>>> print(open('protein27.pdb').read())   # PDB, C-alpha atoms
ATOM      1  CA  MET A   1       0.000   0.000   0.000
ATOM      2  CA  ALA A   2       1.427   3.370  -1.033
ATOM      3  CA  LEU A   3       1.768   6.123   1.535
ATOM      4  CA  PRO A   4      -0.334   9.217   0.880
ATOM      5  CA  SER A   5       1.676  12.136  -0.462
ATOM      6  CA  THR A   6      -0.072  14.771   1.642
ATOM      7  CA  TYR A   7      -1.522  15.289   5.075
ATOM      8  CA  ALA A   8      -4.166  17.666   3.717
ATOM      9  CA  ASP A   9      -7.101  15.481   4.762
ATOM     10  CA  ARG A  10      -5.894  15.284   8.368
ATOM     11  CA  ASN A  11      -7.583  17.351  11.075
ATOM     12  CA  CYS A  12      -4.291  18.294  12.718
ATOM     13  CA  SER A  13      -2.381  21.570  12.860
ATOM     14  CA  LEU A  14       0.973  19.754  12.864
ATOM     15  CA  ALA A  15       0.001  17.853   9.723
ATOM     16  CA  ARG A  16      -1.046  21.073   7.981
ATOM     17  CA  SER A  17       2.201  22.756   9.051
ATOM     18  CA  LEU A  18       4.201  19.862   7.609
ATOM     19  CA  GLU A  19       2.350  20.365   4.332
ATOM     20  CA  VAL A  20       3.926  23.832   4.188
ATOM     21  CA  VAL A  21       7.437  23.330   5.618
ATOM     22  CA  GLY A  22       7.956  19.576   5.827
ATOM     23  CA  GLU A  23       9.389  18.850   2.398
ATOM     24  CA  ARG A  24      13.108  18.337   2.027
ATOM     25  CA  TRP A  25      15.001  21.632   1.600
ATOM     26  CA  THR A  26      12.103  23.859   2.660
ATOM     27  CA  LEU A  27      13.312  24.683   6.172
ATOM     28  CA  MET A  28      16.846  25.138   4.837
ATOM     29  CA  ILE A  29      15.503  27.761   2.424
ATOM     30  CA  VAL A  30      13.665  29.449   5.300
ATOM     31  CA  ARG A  31      16.828  29.319   7.443
ATOM     32  CA  ASP A  32      18.868  30.968   4.699
ATOM     33  CA  ALA A  33      16.167  33.632   4.283
ATOM     34  CA  PHE A  34      16.643  34.435   7.993
ATOM     35  CA  PHE A  35      20.390  34.686   7.282
ATOM     36  CA  GLY A  36      19.624  37.307   4.613
ATOM     37  CA  VAL A  37      19.797  35.277   1.415
ATOM     38  CA  ARG A  38      17.346  36.791  -1.079
ATOM     39  CA  ARG A  39      18.358  35.830  -4.612
ATOM     40  CA  PHE A  40      17.476  32.567  -6.361
ATOM     41  CA  GLY A  41      21.065  31.913  -7.442
ATOM     42  CA  ASP A  42      22.354  32.549  -3.927
ATOM     43  CA  PHE A  43      19.907  30.027  -2.434
ATOM     44  CA  ALA A  44      21.013  27.516  -5.068
ATOM     45  CA  THR A  45      24.700  28.099  -4.341
ATOM     46  CA  GLN A  46      24.368  28.050  -0.557
ATOM     47  CA  LEU A  47      22.247  24.932  -0.427
ATOM     48  CA  GLY A  48      23.580  22.963  -3.385
ATOM     49  CA  ILE A  49      19.956  22.296  -4.243
ATOM     50  CA  PRO A  50      18.813  21.373  -7.755
ATOM     51  CA  ARG A  51      17.363  24.462  -9.407
ATOM     52  CA  ALA A  52      14.104  22.730 -10.315
ATOM     53  CA  VAL A  53      13.555  21.718  -6.691
ATOM     54  CA  LEU A  54      14.419  25.219  -5.507
ATOM     55  CA  THR A  55      11.936  26.711  -7.976
ATOM     56  CA  THR A  56       9.185  24.428  -6.704
ATOM     57  CA  ARG A  57       9.938  25.128  -3.034
ATOM     58  CA  LEU A  58      10.137  28.893  -3.517
ATOM     59  CA  LYS A  59       6.847  28.938  -5.450
ATOM     60  CA  SER A  60       5.196  26.957  -2.674
ATOM     61  CA  LEU A  61       6.571  29.230   0.070
ATOM     62  CA  VAL A  62       5.327  32.299  -1.828
ATOM     63  CA  GLN A  63       1.926  30.675  -2.396
ATOM     64  CA  GLU A  64       1.683  29.928   1.340
ATOM     65  CA  ASP A  65       2.682  33.544   2.206
ATOM     66  CA  VAL A  66       5.863  32.457   4.004
ATOM     67  CA  LEU A  67       7.988  34.349   1.465
ATOM     68  CA  VAL A  68       7.166  37.257  -0.793
ATOM     69  CA  ARG A  69       8.822  38.315  -4.046
ATOM     70  CA  ASP A  70      10.335  41.776  -3.952
ATOM     71  CA  ASP A  71      10.174  44.192  -6.870
ATOM     72  CA  ASP A  72      13.814  43.330  -7.652
ATOM     73  CA  GLY A  73      12.932  39.616  -7.947
ATOM     74  CA  GLY A  74      14.407  38.591  -4.612
ATOM     75  CA  TYR A  75      12.624  36.806  -1.808
ATOM     76  CA  ARG A  76      12.055  37.867   1.791
ATOM     77  CA  LEU A  77      10.214  36.431   4.731
ATOM     78  CA  THR A  78       6.718  37.678   5.466
ATOM     79  CA  GLU A  79       5.365  38.107   8.989
ATOM     80  CA  LYS A  80       4.106  34.525   8.701
ATOM     81  CA  GLY A  81       7.596  33.418   7.671
ATOM     82  CA  VAL A  82       9.315  35.301  10.502
ATOM     83  CA  ALA A  83       6.950  33.494  12.900
ATOM     84  CA  LEU A  84       8.851  30.298  11.974
ATOM     85  CA  TRP A  85      12.007  31.520  13.761
ATOM     86  CA  PRO A  86      11.305  29.681  17.051
ATOM     87  CA  ILE A  87      10.973  26.413  15.110
ATOM     88  CA  VAL A  88      14.160  27.031  13.108
ATOM     89  CA  ARG A  89      16.008  28.069  16.300
ATOM     90  CA  ALA A  90      14.760  24.976  18.172
ATOM     91  CA  LEU A  91      15.775  22.605  15.369
ATOM     92  CA  MET A  92      19.216  24.218  15.125
ATOM     93  CA  GLY A  93      19.607  23.843  18.908
ATOM     94  CA  TRP A  94      18.507  20.215  18.788
ATOM     95  CA  GLY A  95      20.974  19.526  15.965
ATOM     96  CA  ASP A  96      23.770  21.242  17.899
ATOM     97  CA  ALA A  97      22.997  19.220  21.034
ATOM     98  CA  TYR A  98      22.937  15.843  19.314
ATOM     99  CA  TYR A  99      25.037  16.193  16.166
ATOM    100  CA  SER A 100      27.695  18.842  16.832
ATOM    101  CA  PRO A 101      30.208  17.524  19.365
ATOM    102  CA  ALA A 102      32.350  20.681  19.056
ATOM    103  CA  GLY A 103      29.447  22.893  20.154
ATOM    104  CA  GLU A 104      26.822  25.030  18.520
ATOM    105  CA  LYS A 105      27.344  25.819  14.847
ATOM    106  CA  ARG A 106      25.889  29.309  15.175
ATOM    107  CA  THR A 107      25.537  31.499  18.226
ATOM    108  CA  THR A 108      22.661  33.928  18.607
ATOM    109  CA  ARG A 109      23.069  37.180  20.516
ATOM    110  CA  HIS A 110      21.078  40.270  21.353
ATOM    111  CA  ASP A 111      22.628  42.779  18.962
ATOM    112  CA  GLU A 112      21.974  45.639  21.379
ATOM    113  CA  ASP A 113      24.080  44.354  24.303
ATOM    114  CA  GLY A 114      25.866  41.266  22.939
ATOM    115  CA  GLY A 115      24.165  38.941  25.420
ATOM    116  CA  ARG A 116      23.765  35.323  24.332
ATOM    117  CA  LEU A 117      20.226  34.147  23.730
ATOM    118  CA  ASP A 118      18.910  31.132  25.580
ATOM    119  CA  GLN A 119      16.848  28.363  23.981
ATOM    120  CA  ASP A 120      13.717  30.525  24.269
ATOM    121  CA  GLY A 121      15.294  33.588  22.622
ATOM    122  CA  ARG A 122      15.752  35.496  25.879
ATOM    123  CA  CYS A 123      18.900  37.591  26.348
ATOM    124  CA  GLU A 124      21.076  36.300  29.177
ATOM    125  CA  GLU A 125      22.435  39.825  29.688
ATOM    126  CA  CYS A 126      19.306  41.990  29.929
ATOM    127  CA  GLY A 127      16.552  39.368  30.192
ATOM    128  CA  ALA A 128      14.608  40.672  27.183
ATOM    129  CA  LEU A 129      12.785  38.360  24.808
ATOM    130  CA  VAL A 130      14.605  39.508  21.676
ATOM    131  CA  PRO A 131      12.605  40.096  18.476
ATOM    132  CA  VAL A 132      14.029  38.537  15.317
ATOM    133  CA  PRO A 133      15.321  41.779  13.716
ATOM    134  CA  GLU A 134      17.443  42.430  16.839
ATOM    135  CA  ILE A 135      19.107  39.001  16.829
ATOM    136  CA  ARG A 136      22.740  38.799  15.743
ATOM    137  CA  ILE A 137      23.959  35.441  14.505
ATOM    138  CA  GLU A 138      27.609  34.475  14.294
ATOM    139  CA  PRO A 139      29.687  31.335  13.838
ATOM    140  CA  GLY A 140      29.810  29.298  17.042
ATOM    141  CA  PRO A 141      32.506  26.983  18.387
ATOM    142  CA  GLY A 142      31.207  24.052  16.316
ATOM    143  CA  TYR A 143      31.199  25.959  13.035
ATOM    144  CA  GLU A 144      33.445  24.402  10.386
ATOM    145  CA  HIS A 145      34.714  26.481   7.492
ATOM    146  CA  ARG A 146      34.326  24.843   4.090
ATOM    147  CA  PRO A 147      37.582  24.280   2.224
ATOM    148  CA  GLY A 148      38.276  26.428  -0.819
ATOM    149  CA  THR A 149      37.609  30.041  -1.625
ATOM    150  CA  PRO A 150      34.266  31.095  -0.205
ATOM    151  CA  ASP A 151      31.815  32.975  -2.378
ATOM    152  CA  PRO A 152      30.735  36.488  -1.263
ATOM    153  CA  VAL A 153      27.367  35.274   0.055
ATOM    154  CA  SER A 154      29.025  32.617   2.231
ATOM    155  CA  VAL A 155      31.404  35.231   3.590
ATOM    156  CA  ALA A 156      28.481  37.532   4.411
ATOM    157  CA  ILE A 157      26.324  34.935   6.162
ATOM    158  CA  ASN A 158      29.298  33.651   8.150
ATOM    159  CA  THR A 159      30.171  37.097   9.453
ATOM    160  CA  PRO A 160      28.366  38.319  12.576
ATOM    161  CA  ARG A 161      25.218  40.044  11.339
ATOM    162  CA  ARG A 162      21.588  40.617  12.214
ATOM    163  CA  LEU A 163      18.989  38.145  11.069
ATOM    164  CA  LEU A 164      16.904  39.283   8.089
ATOM    165  CA  GLU A 165      19.618  41.756   7.019
ATOM    166  CA  PRO A 166      19.821  41.256   3.246
ATOM    167  CA  VAL A 167      23.009  39.796   1.864
ATOM    168  CA  THR A 168      24.407  42.191  -0.678
ATOM    169  CA  ARG A 169      26.902  41.253  -3.327
ATOM    170  CA  PRO A 170      29.871  43.501  -4.020
ATOM    171  CA  VAL A 171      29.479  45.497  -7.216
TER     172      VAL A 171
END
>>> encode(input="protein27.pdb", output="structure tokens")
Amino acid sequence: MALPSTYADRNCSLARSLEVVGERWTLMIVRDAFFGVRRFGDFATQLGIPRAVLTTRLKSLVQEDVLVRDDDGGYRLTEKGVALWPIVRALMGWGDAYYSPAGEKRTTRHDEDGGRLDQDGRCEECGALVPVPEIRIEPGPGYEHRPGTPDPVSVAINTPRRLLEPVTRPV
């Protein structure tokens, strides 16, 4: 018996959520959008994803109002997309805890005071629950640099920067 390809007929919020973000690559695209990746080619380069798959995933995320196309053809997270940050943060933390023996791959900080953020997104320095645009992300102790010459987008997203800040390419 073949497994159904969708959860659409299920009366479950988790099932419906998986319909939107549960396909392979989708959360990685969302993660990179938080890191400031906006352009199709930059998503493709960063993720090593087949272009046809990327096209399908981006179309779906736009259709579901997780991403929106900008006038310049780039993509950015909508309010609905930004609301996925706690899920992305939790999955990154889970992966760090169980699959990164050298420590967290990326550290999140309150950009205002440099305080580290706990698992709930609260600043350990000032106690504030930090909104996404005020979160700085930077390579953590478990981050491993890829061999070779990094492309400009990789350099940008691996430099301490605020989430959602668009990656810009040098002219």
>>> residues_around(input="protein27.pdb", residues="stretch 34-45 of chain A", least_positions_apart="4", cutoff="8 Å", atoms="only C-alpha atoms", output="list in words")
Ile29, Val30, Ile49, Pro50, Arg51, Leu54, Gly73, Gly74, Tyr75, Arg76, Leu77, Val82, Trp85, Val153, Ile157, Arg162, Leu163, Leu164, Glu165, Pro166 and Val167 of chain A
>>> atom_distance(input="protein27.pdb", atom1="atom CA of A:Leu129", atom2="atom CA of A:Thr108")
12.5 Å
>>> residues_around(input="protein27.pdb", residues="A:Pro101", least_positions_apart="4", cutoff="8 Å", atoms="all atoms listed in the file", output="PDB file with C-alpha atoms, in the frame of the given file")
ATOM      1  CA  ASP A  96      23.770  21.242  17.899  1.00  0.00           C
ATOM      2  CA  ALA A  97      22.997  19.220  21.034  1.00  0.00           C
ATOM      3  CA  GLY A 142      31.207  24.052  16.316  1.00  0.00           C
TER       4      GLY A 142
END
>>> closest_residue(input="protein27.pdb", among="A:Gly148, A:Pro160, A:Pro141, A:Gly22", to="A:Ala102", atoms="only C-alpha atoms")
A:Pro141
>>> closest_residue(input="protein27.pdb", among="A:Gly95, A:Ala128, A:Val20, A:Leu47", to="A:Gly81", atoms="all atoms listed in the file")
A:Val20
>>> closest_residue(input="protein27.pdb", among="A:Asp72, A:Asp120, A:Glu23, A:Glu144", to="A:Ser100", atoms="all atoms listed in the file")
A:Glu144
>>> closest_residue(input="protein27.pdb", among="A:Ile135, A:Leu27, A:Ala15, A:Leu117", to="A:Leu61", atoms="all atoms listed in the file")
A:Leu27
>>> resolve_selection(input="protein27.pdb", expression="the PyMOL selection byres ((chain A and resi 83) around 12)", output="number ranges by chain")
A: 30, 34, 65-67, 77-82, 84-89, 131-133
>>> atom_distance(input="protein27.pdb", atom1="atom CA of A:Asp111", atom2="atom CA of A:Glu134")
5.6 Å
>>> decode(input="protein27.pdb", residues="stretch 145-169 of chain A", atoms="N, CA, C and O atoms", output="tab-separated table (two decimals), in the first residue's frame")
chain	number	residue	atom	x	y	z
A	145	HIS	N	34.57	25.79	8.77
A	145	HIS	CA	34.71	26.48	7.49
A	145	HIS	C	34.86	25.45	6.38
A	145	HIS	O	35.55	24.46	6.53
A	146	ARG	N	34.19	25.71	5.26
A	146	ARG	CA	34.33	24.84	4.09
A	146	ARG	C	35.67	25.11	3.43
A	146	ARG	O	36.09	26.26	3.33
A	147	PRO	N	36.31	24.06	2.93
A	147	PRO	CA	37.58	24.28	2.22
A	147	PRO	C	37.35	25.02	0.91
A	147	PRO	O	36.27	24.98	0.34
A	148	GLY	N	38.37	25.70	0.44
A	148	GLY	CA	38.28	26.43	-0.82
A	148	GLY	C	38.01	27.90	-0.59
A	148	GLY	O	37.92	28.38	0.53
A	149	THR	N	37.87	28.61	-1.69
A	149	THR	CA	37.61	30.04	-1.63
A	149	THR	C	36.11	30.26	-1.48
A	149	THR	O	35.35	29.87	-2.37
A	150	PRO	N	35.71	30.90	-0.40
A	150	PRO	CA	34.27	31.10	-0.21
A	150	PRO	C	33.71	32.16	-1.14
A	150	PRO	O	34.41	33.11	-1.50
A	151	ASP	N	32.48	31.98	-1.55
A	151	ASP	CA	31.81	32.97	-2.38
A	151	ASP	C	31.39	34.15	-1.48
A	151	ASP	O	31.34	34.01	-0.26
A	152	PRO	N	31.08	35.31	-2.06
A	152	PRO	CA	30.73	36.49	-1.26
A	152	PRO	C	29.52	36.29	-0.35
A	152	PRO	O	29.47	36.85	0.74
A	153	VAL	N	28.55	35.50	-0.78
A	153	VAL	CA	27.37	35.27	0.05
A	153	VAL	C	27.74	34.44	1.28
A	153	VAL	O	27.33	34.74	2.39
A	154	SER	N	28.56	33.42	1.09
A	154	SER	CA	29.03	32.62	2.23
A	154	SER	C	29.79	33.47	3.22
A	154	SER	O	29.62	33.34	4.43
A	155	VAL	N	30.65	34.34	2.71
A	155	VAL	CA	31.40	35.23	3.59
A	155	VAL	C	30.44	36.09	4.40
A	155	VAL	O	30.58	36.23	5.62
A	156	ALA	N	29.44	36.65	3.73
A	156	ALA	CA	28.48	37.53	4.41
A	156	ALA	C	27.69	36.79	5.48
A	156	ALA	O	27.57	37.28	6.61
A	157	ILE	N	27.17	35.61	5.17
A	157	ILE	CA	26.32	34.94	6.16
A	157	ILE	C	27.14	34.28	7.27
A	157	ILE	O	26.57	33.89	8.29
A	158	ASN	N	28.45	34.20	7.10
A	158	ASN	CA	29.30	33.65	8.15
A	158	ASN	C	30.07	34.73	8.90
A	158	ASN	O	31.00	34.44	9.64
A	159	THR	N	29.65	35.96	8.72
A	159	THR	CA	30.17	37.10	9.45
A	159	THR	C	29.08	37.52	10.42
A	159	THR	O	27.90	37.49	10.06
A	160	PRO	N	29.42	37.88	11.65
A	160	PRO	CA	28.37	38.32	12.58
A	160	PRO	C	27.48	39.38	11.93
A	160	PRO	O	27.97	40.37	11.38
A	161	ARG	N	26.17	39.13	11.97
A	161	ARG	CA	25.22	40.04	11.34
A	161	ARG	C	23.84	39.80	11.91
A	161	ARG	O	23.58	38.76	12.50
A	162	ARG	N	22.97	40.77	11.75
A	162	ARG	CA	21.59	40.62	12.21
A	162	ARG	C	20.81	39.69	11.29
A	162	ARG	O	21.04	39.69	10.07
A	163	LEU	N	19.90	38.94	11.88
A	163	LEU	CA	18.99	38.14	11.07
A	163	LEU	C	18.17	39.08	10.20
A	163	LEU	O	17.91	40.24	10.58
A	164	LEU	N	17.74	38.59	9.07
A	164	LEU	CA	16.90	39.28	8.09
A	164	LEU	C	17.63	40.40	7.33
A	164	LEU	O	17.10	40.94	6.39
A	165	GLU	N	18.85	40.73	7.74
A	165	GLU	CA	19.62	41.76	7.02
A	165	GLU	C	20.00	41.18	5.66
A	165	GLU	O	20.67	40.15	5.58
A	166	PRO	N	19.57	41.83	4.57
A	166	PRO	CA	19.82	41.26	3.25
A	166	PRO	C	21.31	41.12	2.95
A	166	PRO	O	22.09	42.01	3.25
A	167	VAL	N	21.65	40.01	2.36
A	167	VAL	CA	23.01	39.80	1.86
A	167	VAL	C	23.13	40.63	0.59
A	167	VAL	O	22.29	40.54	-0.29
A	168	THR	N	24.17	41.41	0.54
A	168	THR	CA	24.41	42.19	-0.68
A	168	THR	C	25.72	41.71	-1.29
A	168	THR	O	26.66	41.38	-0.60
A	169	ARG	N	25.71	41.68	-2.59
A	169	ARG	CA	26.90	41.25	-3.33
A	169	ARG	C	27.72	42.49	-3.67
A	169	ARG	O	27.15	43.52	-4.01
